[in-house]
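Structure below is my_file-v2.tsv: TSV, C-alpha atoms.
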```tsv
chain	number	residue	atom	x	y	z
A	1	MET	CA	32.83	78.87	62.36
A	2	ASP	CA	35.13	78.94	59.39
A	3	TYR	CA	33.52	80.00	56.10
A	4	ARG	CA	36.64	80.11	53.95
A	5	PHE	CA	36.73	78.27	50.63
A	6	GLU	CA	39.59	76.05	51.77
A	7	ASN	CA	37.53	74.63	54.65
A	8	GLN	CA	36.37	71.11	53.76
A	9	ASN	CA	33.61	71.05	56.42
A	10	LEU	CA	30.32	72.04	54.77
A	11	VAL	CA	28.23	72.07	57.97
A	12	PRO	CA	28.92	75.75	58.80
A	13	LEU	CA	27.99	76.78	55.26
A	14	LEU	CA	24.78	74.71	55.31
A	15	TYR	CA	23.84	76.16	58.71
A	16	GLN	CA	24.55	79.77	57.68
A	17	SER	CA	22.59	79.39	54.45
A	18	GLY	CA	19.56	77.95	56.26
A	19	TYR	CA	19.70	74.39	55.00
A	20	LEU	CA	20.36	73.13	58.54
A	21	THR	CA	18.96	74.35	61.84
A	22	ILE	CA	19.82	73.63	65.46
A	23	LYS	CA	17.11	71.35	66.84
A	24	ALA	CA	18.60	70.67	70.31
A	25	TYR	CA	21.65	71.18	72.49
A	26	ASP	CA	22.91	68.73	75.11
A	27	THR	CA	24.77	70.62	77.85
A	28	VAL	CA	26.23	67.43	79.34
A	29	LEU	CA	27.82	66.26	76.09
A	30	ASP	CA	28.27	69.80	74.69
A	31	GLU	CA	26.63	68.49	71.52
A	32	TYR	CA	24.23	70.03	69.02
A	33	THR	CA	21.56	68.14	67.13
A	34	LEU	CA	21.05	69.52	63.64
A	35	GLY	CA	18.05	69.08	61.40
A	36	PHE	CA	16.32	70.48	58.37
A	37	PRO	CA	14.08	73.53	58.81
A	38	ASN	CA	11.16	71.96	56.91
A	39	GLU	CA	10.17	68.96	54.78
A	40	GLU	CA	10.70	70.77	51.46
A	41	VAL	CA	14.34	71.52	52.28
A	42	LYS	CA	14.84	68.01	53.68
A	43	TYR	CA	13.57	66.20	50.59
A	44	GLY	CA	15.26	68.59	48.17
A	45	PHE	CA	18.60	68.20	49.94
A	46	LEU	CA	18.36	64.42	50.20
A	47	ASN	CA	17.20	64.10	46.60
A	48	GLU	CA	20.23	66.04	45.34
A	49	LEU	CA	22.56	64.12	47.62
A	50	LEU	CA	21.29	60.75	46.35
A	51	LEU	CA	21.40	61.78	42.68
A	52	GLU	CA	25.04	62.85	42.81
```

Could the structure of this file be written out as structure tokens, please?
Amino acid sequence: MDYRFENQNLVPLLYQSGYLTIKAYDTVLDEYTLGFPNEEVKYGFLNELLLE
């Protein structure tokens, strides 16, 4: 994962800071399913995203 400021992908930063968690991993597709760790984080994140 790339945590440098120049990186435009925010997913690694959100994962490292705890705003996203790994909910599942599909070995066939080599794909992760991400989610919020709890309802408080989910609604706070979505509320800020919609207000901006």

Figure out the distance between atom CA of A:Glu31 and atom CA of A:Gly18, please, to one decimal in Å.
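Separation between atom CA of A:Gly18 and atom CA of A:Glu31: 19.3 Å.
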
Around stretch 18-25 of chain A, fit a box with edges along x, y and z, padding it by 8 Å on each side, then list its centre and edge lengths in Å to one decimal as AutoDock Vina command-line options.
```
--center_x 19.4 --center_y 74.3 --center_z 63.7 --size_x 20.5 --size_y 23.3 --size_z 33.5
```

What's the separation between atom CA of A:Asn38 and atom CA of A:Leu20, in Å to one decimal place?
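Atom CA of A:Asn38 sits 9.4 Å away from atom CA of A:Leu20.
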
Applying 9 Å and all atoms listed in the file, which residues near A:Ala24 remain after dropping the ones on its own chain fewer than 3 positions away? List them as a PDB file with C-alpha atoms, in the frame of the given file.
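part-v6.pdb, written as the output of this step:
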```pdb
ATOM      1  CA  GLU A  31      26.630  68.490  71.520  1.00  0.00           C
ATOM      2  CA  TYR A  32      24.230  70.030  69.020  1.00  0.00           C
ATOM      3  CA  THR A  33      21.560  68.140  67.130  1.00  0.00           C
ATOM      4  CA  LEU A  34      21.050  69.520  63.640  1.00  0.00           C
TER       5      LEU A  34
END
```

If I take atom CA of A:Phe45 and atom CA of A:Tyr19, how far is one from the other in Å, to one decimal?
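Atom-to-atom, atom CA of A:Phe45 and atom CA of A:Tyr19 are spaced 8.1 Å apart.
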
Around the point (23.3, 64.9, 50.8) in the file's coordinates, collect all residues with an atom within 12 Å, using all atoms listed in the file, and return them as a ChimeraX atom specification.
/A:10-11,14,19-20,36,41-52
